[in-house]
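*Asks:* My structure file my_file-v8.cif, mmCIF, C-alpha atoms and all ligand atoms, is below:
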```
data_coords
#
loop_
_atom_site.group_PDB
_atom_site.id
_atom_site.type_symbol
_atom_site.label_atom_id
_atom_site.label_comp_id
_atom_site.auth_asym_id
_atom_site.auth_seq_id
_atom_site.Cartn_x
_atom_site.Cartn_y
_atom_site.Cartn_z
ATOM 1 C CA MET J 9 70.558 35.121 34.784
ATOM 2 C CA ARG J 10 67.772 35.118 32.171
ATOM 3 C CA ALA J 11 65.947 32.046 30.823
ATOM 4 C CA LEU J 12 63.392 31.415 28.073
ATOM 5 C CA ILE J 13 61.217 28.350 28.588
ATOM 6 C CA VAL J 14 59.039 27.317 25.660
ATOM 7 C CA GLY J 15 56.089 25.271 26.947
ATOM 8 C CA ASN J 16 55.896 26.425 30.578
ATOM 9 C CA SER J 17 52.143 26.568 31.243
ATOM 10 C CA ASP J 18 52.116 22.995 32.573
ATOM 11 C CA GLY J 19 54.127 19.902 33.430
ATOM 12 C CA ILE J 20 57.939 19.880 33.456
ATOM 13 C CA GLY J 21 58.243 23.391 31.966
ATOM 14 C CA LEU J 22 56.057 24.857 34.728
ATOM 15 C CA ALA J 23 57.933 22.983 37.494
ATOM 16 C CA LEU J 24 61.254 24.204 36.054
ATOM 17 C CA THR J 25 59.940 27.782 35.847
ATOM 18 C CA ARG J 26 58.998 27.699 39.533
ATOM 19 C CA ARG J 27 62.445 26.314 40.541
ATOM 20 C CA LEU J 28 64.391 28.843 38.464
ATOM 21 C CA LEU J 29 62.297 31.736 39.854
ATOM 22 C CA ALA J 30 62.941 30.461 43.402
ATOM 23 C CA GLU J 31 66.674 30.468 42.628
ATOM 24 C CA GLY J 32 66.599 34.093 41.449
ATOM 25 C CA TRP J 33 66.446 33.667 37.667
ATOM 26 C CA GLU J 34 64.393 35.937 35.437
ATOM 27 C CA VAL J 35 62.126 33.592 33.452
ATOM 28 C CA ILE J 36 60.164 34.346 30.289
ATOM 29 C CA GLY J 37 57.745 31.665 29.125
ATOM 30 C CA LEU J 38 56.019 30.994 25.822
ATOM 31 C CA SER J 39 53.016 28.637 25.699
ATOM 32 C CA ARG J 40 49.582 28.556 24.111
ATOM 33 C CA ARG J 41 47.941 29.191 27.487
ATOM 34 C CA PRO J 42 49.146 31.766 30.020
ATOM 35 C CA ALA J 43 51.529 30.179 32.541
ATOM 36 C CA PRO J 44 50.714 30.513 36.253
ATOM 37 C CA ALA J 45 54.357 31.464 36.982
ATOM 38 C CA GLY J 46 56.979 33.714 35.414
ATOM 39 C CA ALA J 47 56.627 36.424 32.796
ATOM 40 C CA ALA J 48 54.541 34.389 30.373
ATOM 41 C CA GLN J 49 53.554 35.230 26.844
ATOM 42 C CA VAL J 50 50.990 33.389 24.783
ATOM 43 C CA ALA J 51 52.391 31.829 21.619
ATOM 44 C CA ASP J 52 51.800 28.695 19.570
ATOM 45 C CA VAL J 53 55.047 27.146 18.330
ATOM 46 C CA THR J 54 53.328 26.156 15.071
ATOM 47 C CA SER J 55 52.213 29.709 14.263
ATOM 48 C CA PRO J 56 54.072 31.652 11.552
ATOM 49 C CA ASP J 57 54.436 34.458 14.160
ATOM 50 C CA PHE J 58 56.311 32.208 16.592
ATOM 51 C CA PRO J 59 59.906 33.106 15.546
ATOM 52 C CA ALA J 60 59.037 36.800 16.009
ATOM 53 C CA ALA J 61 57.716 36.047 19.520
ATOM 54 C CA VAL J 62 61.018 34.296 20.371
ATOM 55 C CA ALA J 63 63.025 37.204 18.928
ATOM 56 C CA GLU J 64 61.027 39.669 21.058
ATOM 57 C CA VAL J 65 62.226 37.932 24.216
ATOM 58 C CA GLY J 66 65.753 39.210 23.520
ATOM 59 C CA ASP J 67 69.017 37.765 24.839
ATOM 60 C CA VAL J 68 68.886 34.853 27.274
ATOM 61 C CA ASP J 69 71.552 32.763 29.030
ATOM 62 C CA LEU J 70 69.403 29.619 28.947
ATOM 63 C CA CYS J 71 66.691 28.376 26.574
ATOM 64 C CA VAL J 72 64.703 25.257 27.458
ATOM 65 C CA TYR J 73 62.392 23.763 24.829
ATOM 66 C CA ALA J 74 59.757 21.945 26.920
ATOM 67 C CA ALA J 75 56.756 22.164 24.548
ATOM 68 C CA GLY J 76 55.437 18.821 23.440
ATOM 69 C CA ILE J 77 52.393 16.763 22.536
ATOM 70 C CA GLY J 78 51.847 13.055 21.969
ATOM 71 C CA ASP J 79 48.564 11.561 20.808
ATOM 72 C CA PRO J 80 47.796 7.928 19.971
ATOM 73 C CA ILE J 81 47.415 7.101 16.287
ATOM 74 C CA GLU J 82 44.065 7.023 14.535
ATOM 75 C CA ASN J 83 44.842 4.962 11.441
ATOM 76 C CA ASP J 84 42.424 6.817 9.151
ATOM 77 C CA ASP J 85 43.546 10.287 10.269
ATOM 78 C CA LEU J 86 47.268 11.025 10.687
ATOM 79 C CA THR J 87 46.913 14.766 11.263
ATOM 80 C CA GLN J 88 47.786 14.492 14.990
ATOM 81 C CA GLN J 89 50.945 12.542 14.083
ATOM 82 C CA THR J 90 51.992 15.345 11.724
ATOM 83 C CA ARG J 91 51.202 17.863 14.453
ATOM 84 C CA ALA J 92 53.499 16.018 16.900
ATOM 85 C CA LEU J 93 56.331 16.469 14.386
ATOM 86 C CA GLU J 94 55.466 20.164 14.033
ATOM 87 C CA VAL J 95 55.307 20.892 17.774
ATOM 88 C CA ASN J 96 58.026 18.568 19.135
ATOM 89 C CA LEU J 97 60.618 18.818 16.344
ATOM 90 C CA LEU J 98 60.000 21.815 14.088
ATOM 91 C CA GLY J 99 59.008 24.053 17.025
ATOM 92 C CA ALA J 100 62.350 23.236 18.677
ATOM 93 C CA ALA J 101 64.221 23.883 15.422
ATOM 94 C CA ARG J 102 62.450 27.245 14.977
ATOM 95 C CA THR J 103 63.351 28.193 18.544
ATOM 96 C CA CYS J 104 67.039 27.303 18.021
ATOM 97 C CA GLU J 105 67.026 29.195 14.711
ATOM 98 C CA VAL J 106 66.339 32.445 16.614
ATOM 99 C CA VAL J 107 68.113 31.784 19.918
ATOM 100 C CA ALA J 108 71.394 30.196 18.744
ATOM 101 C CA PRO J 109 72.693 33.102 16.615
ATOM 102 C CA ARG J 110 72.079 35.519 19.496
ATOM 103 C CA MET J 111 73.934 33.230 21.915
ATOM 104 C CA LEU J 112 76.794 32.840 19.415
ATOM 105 C CA ALA J 113 77.009 36.630 19.104
ATOM 106 C CA ALA J 114 77.181 36.856 22.911
ATOM 107 C CA GLY J 115 79.821 34.087 22.960
ATOM 108 C CA GLN J 116 77.879 32.069 25.547
ATOM 109 C CA GLY J 117 74.594 30.304 26.204
ATOM 110 C CA HIS J 118 72.911 26.972 26.845
ATOM 111 C CA ILE J 119 70.029 25.362 24.943
ATOM 112 C CA ILE J 120 68.240 22.363 26.483
ATOM 113 C CA GLY J 121 65.669 20.326 24.547
ATOM 114 C CA LEU J 122 63.334 17.880 26.273
ATOM 115 C CA SER J 123 63.568 14.811 24.110
ATOM 116 C CA SER J 124 62.595 11.344 25.321
ATOM 117 C CA LEU J 125 63.789 7.764 25.761
ATOM 118 C CA ALA J 126 61.136 7.067 23.067
ATOM 119 C CA ASP J 127 63.702 8.370 20.550
ATOM 120 C CA THR J 128 64.987 4.801 19.986
ATOM 121 C CA MET J 129 61.544 3.213 19.591
ATOM 122 C CA ILE J 130 59.494 2.075 16.642
ATOM 123 C CA SER J 131 56.020 2.940 17.921
ATOM 124 C CA ALA J 132 52.838 1.648 16.287
ATOM 125 C CA GLU J 133 50.891 3.571 18.977
ATOM 126 C CA ALA J 134 52.376 7.057 18.466
ATOM 127 C CA PRO J 135 54.570 7.166 15.335
ATOM 128 C CA GLY J 136 54.682 10.968 15.210
ATOM 129 C CA TYR J 137 55.881 11.224 18.819
ATOM 130 C CA ALA J 138 58.634 8.592 18.412
ATOM 131 C CA ALA J 139 59.829 10.120 15.131
ATOM 132 C CA SER J 140 59.780 13.654 16.526
ATOM 133 C CA LYS J 141 61.943 12.599 19.485
ATOM 134 C CA ALA J 142 64.367 10.603 17.291
ATOM 135 C CA GLY J 143 64.743 13.707 15.125
ATOM 136 C CA LEU J 144 65.012 16.046 18.114
ATOM 137 C CA THR J 145 67.772 14.046 19.845
ATOM 138 C CA SER J 146 69.712 13.808 16.591
ATOM 139 C CA TYR J 147 69.276 17.528 15.872
ATOM 140 C CA LEU J 148 70.328 18.619 19.360
ATOM 141 C CA LEU J 149 73.408 16.359 19.415
ATOM 142 C CA SER J 150 74.441 17.659 16.000
ATOM 143 C CA LEU J 151 73.824 21.289 16.975
ATOM 144 C CA ASP J 152 75.939 20.725 20.081
ATOM 145 C CA ALA J 153 78.803 19.432 17.936
ATOM 146 C CA ALA J 154 78.542 22.572 15.788
ATOM 147 C CA LEU J 155 77.997 25.223 18.491
ATOM 148 C CA ARG J 156 79.880 24.049 21.605
ATOM 149 C CA PRO J 157 83.311 24.939 20.170
ATOM 150 C CA ARG J 158 81.946 28.497 19.840
ATOM 151 C CA GLY J 159 80.740 28.730 23.454
ATOM 152 C CA VAL J 160 77.104 27.592 23.140
ATOM 153 C CA ALA J 161 76.251 24.226 24.739
ATOM 154 C CA VAL J 162 73.243 22.184 23.590
ATOM 155 C CA THR J 163 71.793 19.383 25.747
ATOM 156 C CA ALA J 164 69.347 16.644 24.758
ATOM 157 C CA VAL J 165 67.487 15.470 27.870
ATOM 158 C CA ARG J 166 65.974 12.002 27.407
ATOM 159 C CA PHE J 167 63.420 11.318 30.154
ATOM 160 C CA GLY J 168 61.397 8.142 30.646
ATOM 161 C CA PHE J 169 57.959 8.642 32.215
ATOM 162 C CA VAL J 170 57.368 11.877 34.134
ATOM 163 C CA ASP J 171 54.130 12.284 36.128
ATOM 164 C CA THR J 172 52.370 14.960 34.028
ATOM 165 C CA LYS J 173 49.279 14.891 31.801
ATOM 166 C CA MET J 174 51.593 13.737 28.966
ATOM 167 C CA ALA J 175 52.233 10.327 30.622
ATOM 168 C CA LYS J 176 48.940 8.772 29.471
ATOM 169 C CA SER J 177 50.081 5.168 29.147
ATOM 170 C CA PRO J 178 48.401 2.741 31.636
ATOM 171 C CA VAL J 179 51.848 1.237 32.356
ATOM 172 C CA THR J 180 54.517 3.768 33.359
ATOM 173 C CA PRO J 181 57.588 1.958 34.744
ATOM 174 C CA PHE J 182 60.173 3.972 36.713
ATOM 175 C CA LYS J 183 57.908 7.078 36.540
ATOM 176 C CA ILE J 184 59.460 10.130 38.231
ATOM 177 C CA SER J 185 57.840 13.281 39.599
ATOM 178 C CA PRO J 186 58.140 16.634 37.770
ATOM 179 C CA GLU J 187 60.243 17.833 40.752
ATOM 180 C CA LYS J 188 62.717 14.964 40.244
ATOM 181 C CA ALA J 189 62.832 15.854 36.521
ATOM 182 C CA VAL J 190 63.652 19.438 37.540
ATOM 183 C CA ASP J 191 66.488 18.166 39.800
ATOM 184 C CA VAL J 192 67.955 16.458 36.711
ATOM 185 C CA LEU J 193 67.528 19.644 34.646
ATOM 186 C CA MET J 194 69.150 21.818 37.315
ATOM 187 C CA ARG J 195 72.183 19.493 37.295
ATOM 188 C CA CYS J 196 72.257 19.849 33.494
ATOM 189 C CA ILE J 197 72.246 23.624 33.788
ATOM 190 C CA GLN J 198 75.340 23.383 36.008
ATOM 191 C CA THR J 199 77.281 20.731 34.072
ATOM 192 C CA ARG J 200 76.065 21.303 30.464
ATOM 193 C CA PRO J 201 76.387 17.725 29.158
ATOM 194 C CA ALA J 202 75.531 16.965 25.507
ATOM 195 C CA VAL J 203 73.009 14.309 26.502
ATOM 196 C CA VAL J 204 71.314 13.048 29.662
ATOM 197 C CA SER J 205 69.223 9.861 29.832
ATOM 198 C CA TYR J 206 67.128 9.415 32.983
ATOM 199 C CA PRO J 207 66.284 7.100 34.696
ATOM 200 C CA ARG J 208 69.244 4.913 33.681
ATOM 201 C CA ARG J 209 67.363 1.610 34.139
ATOM 202 C CA MET J 210 64.544 2.840 31.881
ATOM 203 C CA ALA J 211 67.148 3.957 29.316
ATOM 204 C CA ALA J 212 68.621 0.427 29.323
ATOM 205 C CA LEU J 213 65.117 -1.046 28.832
ATOM 206 C CA THR J 214 64.104 1.261 25.965
ATOM 207 C CA GLY J 215 67.531 0.886 24.313
ATOM 208 C CA THR J 216 67.107 -2.903 24.259
ATOM 209 C CA ALA J 217 63.437 -2.707 23.208
ATOM 210 C CA GLY J 218 64.316 -0.280 20.388
ATOM 211 C CA ALA J 219 67.081 -2.582 19.091
ATOM 212 C CA LEU J 220 64.707 -5.597 19.143
ATOM 213 C CA LEU J 221 61.944 -3.653 17.354
ATOM 214 C CA ARG J 222 64.423 -2.578 14.653
ATOM 215 C CA ALA J 223 65.633 -6.168 14.195
ATOM 216 C CA ARG J 224 62.000 -7.335 13.889
ATOM 217 C CA ALA J 225 61.215 -4.566 11.370
ATOM 218 C CA ARG J 226 64.091 -5.761 9.172
ATOM 219 C CA LEU J 227 62.456 -9.237 9.027
ATOM 220 C CA ARG J 228 58.958 -7.926 8.250
ATOM 221 C CA ARG J 229 57.499 -9.106 4.923
ATOM 222 C CA ARG J 230 54.027 -8.690 3.353
HETATM 223 N N1 LIG Y 301 55.745 13.437 30.777
HETATM 224 C C1 LIG Y 301 56.524 12.495 30.292
HETATM 225 O O1 LIG Y 301 56.347 11.302 30.602
HETATM 226 C C2 LIG Y 301 57.652 12.853 29.358
HETATM 227 C C3 LIG Y 301 58.648 11.886 29.138
HETATM 228 C C4 LIG Y 301 59.699 12.178 28.282
HETATM 229 C C5 LIG Y 301 59.744 13.409 27.648
HETATM 230 N N2 LIG Y 301 58.756 14.325 27.877
HETATM 231 C C6 LIG Y 301 58.823 15.575 27.132
HETATM 232 O O2 LIG Y 301 58.897 16.668 28.006
HETATM 233 C C7 LIG Y 301 58.254 17.804 27.393
HETATM 234 C C8 LIG Y 301 57.251 18.386 28.389
HETATM 235 O O3 LIG Y 301 56.259 17.388 28.635
HETATM 236 P P1 LIG Y 301 55.279 17.465 29.886
HETATM 237 O O4 LIG Y 301 55.194 16.100 30.422
HETATM 238 O O5 LIG Y 301 55.625 18.584 30.761
HETATM 239 O O6 LIG Y 301 53.905 17.739 29.105
HETATM 240 P P2 LIG Y 301 52.676 18.705 29.461
HETATM 241 O O7 LIG Y 301 52.435 18.707 30.927
HETATM 242 O O8 LIG Y 301 51.592 18.263 28.564
HETATM 243 O O9 LIG Y 301 53.212 20.152 29.033
HETATM 244 C C9 LIG Y 301 53.456 20.419 27.692
HETATM 245 C C10 LIG Y 301 53.716 21.886 27.519
HETATM 246 O O10 LIG Y 301 53.869 22.121 26.102
HETATM 247 C C11 LIG Y 301 53.061 23.245 25.756
HETATM 248 N N3 LIG Y 301 52.628 23.172 24.364
HETATM 249 C C12 LIG Y 301 51.994 22.142 23.742
HETATM 250 N N4 LIG Y 301 51.719 22.467 22.474
HETATM 251 C C13 LIG Y 301 52.187 23.725 22.289
HETATM 252 C C14 LIG Y 301 52.193 24.620 21.187
HETATM 253 N N5 LIG Y 301 51.645 24.271 19.999
HETATM 254 N N6 LIG Y 301 52.751 25.842 21.345
HETATM 255 C C15 LIG Y 301 53.282 26.215 22.544
HETATM 256 N N7 LIG Y 301 53.323 25.409 23.613
HETATM 257 C C16 LIG Y 301 52.767 24.175 23.496
HETATM 258 C C17 LIG Y 301 51.889 23.152 26.734
HETATM 259 O O11 LIG Y 301 51.303 24.402 26.918
HETATM 260 P P3 LIG Y 301 49.938 24.885 26.222
HETATM 261 O O12 LIG Y 301 49.037 23.703 26.139
HETATM 262 O O13 LIG Y 301 49.498 25.996 27.102
HETATM 263 O O14 LIG Y 301 50.396 25.371 24.893
HETATM 264 C C18 LIG Y 301 52.585 22.751 28.022
HETATM 265 O O15 LIG Y 301 53.097 23.904 28.678
HETATM 266 C C19 LIG Y 301 57.605 17.288 26.093
HETATM 267 O O16 LIG Y 301 58.420 17.556 24.998
HETATM 268 C C20 LIG Y 301 57.567 15.791 26.320
HETATM 269 O O17 LIG Y 301 57.595 15.076 25.098
HETATM 270 C C21 LIG Y 301 57.726 14.085 28.729
#
```
Could I get this structure in the form of structure tokens?
Ligand SMILES: NC(=O)c1ccc[n+]([C@@H]2O[C@H](COP(=O)([O-])OP(=O)(O)OC[C@H]3O[C@@H](n4cnc5c(N)ncnc54)[C@H](OP(=O)(O)O)[C@@H]3O)[C@@H](O)[C@H]2O)c1

*Replies:*
Amino acid sequence: MRALIVGNSDGIGLALTRRLLAEGWEVIGLSRRPAPAGAAQVADVTSPDFPAAVAEVGDVDLCVYAAGIGDPIENDDLTQQTRALEVNLLGAARTCEVVAPRMLAAGQGHIIGLSSLADTMISAEAPGYAASKAGLTSYLLSLDAALRPRGVAVTAVRFGFVDTKMAKSPVTPFKISPEKAVDVLMRCIQTRPAVVSYPRRMAALTGTAGALLRARARLRRR
């Protein structure tokens, strides 16, 4: 079996690469820095050349979009917020744009996108991250509705905190290890659900917090 992992030089993508290699998969990775595992190529998902780099990989059975960034807001400079949308959402869309038609032609395949439980939140701290994940979950669920009847499954994986350099917050309830995150992903690869939210208790918390923040936003005036 052959897998493409976008964003596999670090964190969850790297841990997943190592697990898949140990289980006999051929893994091709695309990240800005060379990955310490797997056949890795250097590519920036925001570069105009990125779709060509994905096309060069050729046919795969599995594509995991694990690239992501999330920086706190600086109110007088929103460029990092725009960049979060470009990397987390548009990079995933550009990947699917190349990979999905090839999988449809083959009549099989599985695309997994690493979204987040932040997809329900209104975040004053990282608006670009929250918006990118809301958009990514919505896009993946909609793509799944379109492609699954034709043999290609799409899964939105919504993690809470995972212990990588991305989890910068001083408070990280229910944080899991990258290895535990990989256990969840390996189950996904076997069962191909449309969406997975993990850990469940964190999903309940963020779901409630998101609903409260939306209710408060509706009352906001001047
Ligand atoms: N950690 C968490 O708490 C958590 C929780 C929920 C969801 N997630 C999501 O899970 C995914 C992986 O996060 P992680 O925790 O593993 O983060 P990470 O350790 O920071 O790894 C992020 C990966 O994305 C790659 N990347 C970033 N910008 C890129 C670009 N422009 N082009 C190509 N690759 C790029 C990085 O590689 P280079 O720097 O070499 O390019 C790296 O391999 C992200 O989408 C994140 O939002 C993480």

*Asks:* Just give me the gap between CA of Ser131 in chain J and CA of Val95 in chain J in Å, one decimal is fine.

*Replies:*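 Interatomic distance, CA of Ser131 in chain J to CA of Val95 in chain J: 18.0 Å.
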
*Asks:* For ligand LIG 301 (chain Y), collect every residue having any atom at a distance of at most 6 Å from a ligand atom (counting only C-alpha atoms and all ligand atoms); output as a VMD selection string.

*Replies:* chain J and resid 15 to 21 39 to 41 51 to 54 74 to 77 95 to 96 122 to 124 167 to 175

*Asks:* Could I get the residues of range 50-152 of chain J with an atom no further than 9 Å from an atom of range 204-218 of chain J, each paired with its nearest atom pair and that distance in Å to one decimal, using only C-alpha atoms, sorted by chain and residue number, as JSON lines?

*Replies:*
```
{"residue": "J:Ser124", "atom": "CA", "partner": "J:Ser205", "partner_atom": "CA", "distance": 8.2}
{"residue": "J:Leu125", "atom": "CA", "partner": "J:Ala211", "partner_atom": "CA", "distance": 6.2}
{"residue": "J:Ala126", "atom": "CA", "partner": "J:Thr214", "partner_atom": "CA", "distance": 7.1}
{"residue": "J:Asp127", "atom": "CA", "partner": "J:Gly218", "partner_atom": "CA", "distance": 8.7}
{"residue": "J:Thr128", "atom": "CA", "partner": "J:Gly218", "partner_atom": "CA", "distance": 5.1}
{"residue": "J:Met129", "atom": "CA", "partner": "J:Gly218", "partner_atom": "CA", "distance": 4.5}
{"residue": "J:Ile130", "atom": "CA", "partner": "J:Gly218", "partner_atom": "CA", "distance": 6.5}
```

*Asks:* Using all atoms listed in the file for the distances, tell me which of J:Arg158, J:Met194, J:Gly99, J:Ala134 is nearest to Met111 in chain J.

*Replies:* J:Arg158

*Asks:* Would you please work out which residue, of J:Val106, J:Ala101, J:Ala23, J:Val14, is nearest to Ala189 in chain J when using only C-alpha atoms?

*Replies:* J:Ala23

*Asks:* Distance CA of Glu34 in chain J-CA of Gly46 in chain J, one decimal place?

*Replies:*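 About the pair CA of Glu34 in chain J and CA of Gly46 in chain J: they are 7.7 Å apart.
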
*Asks:* Work out how far apart CA of Arg110 in chain J and CA of Asp67 in chain J are and give it in Å to one decimal.

*Replies:*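 Pair CA of Arg110 in chain J / CA of Asp67 in chain J returns 6.6 Å.
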
*Asks:* Between J:Leu112, J:Leu155, J:Val65, J:Ala164, which one has atoms that come closest to Ala142 in chain J, using all atoms listed in the file?

*Replies:*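 For Ala142 in chain J, the nearest of the given residues is J:Ala164.
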
*Asks:* Would you write out, as a PyMOL selection string, every residue that the PyMOL selection byres (((chain J and resi 117) around 12) and not hetatm) captures in this file?

*Replies:* chain J and resi 9-12+67-72+104+107-116+118-120+152+155-163+197+200

*Asks:* Using only C-alpha atoms, which residue out of J:Asp79, J:Val165, J:Gly37, J:Ala132 lies closest to Leu144 in chain J?

*Replies:*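 Using only C-alpha atoms, Leu144 in chain J sits closest to J:Val165.
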
*Asks:* Here is a test: counting only C-alpha atoms, which residue of J:Glu82, J:Glu133, J:Glu31, J:Glu105 is nearest to Phe58 in chain J?

*Replies:*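 That would be J:Glu105, the residue with the smallest distance to Phe58 in chain J.
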
*Asks:* Step by step, gather every atom of range 9-22 of chain J that the file lists, find the box along x, y and z that holds them, add 4 Å on each side, and finally give centre and edge lengths in Å to one decimal, as lines of an AutoDock Vina configuration file.

*Replies:*
```
center_x = 61.3
center_y = 27.5
center_z = 30.2
size_x = 26.4
size_y = 23.2
size_z = 17.1
```

*Asks:* Looking at J:Ala43, J:Leu28, J:Val203, J:Leu38, which one is nearest to Ala61 in chain J, with distances taken over only C-alpha atoms?

*Replies:* J:Leu38
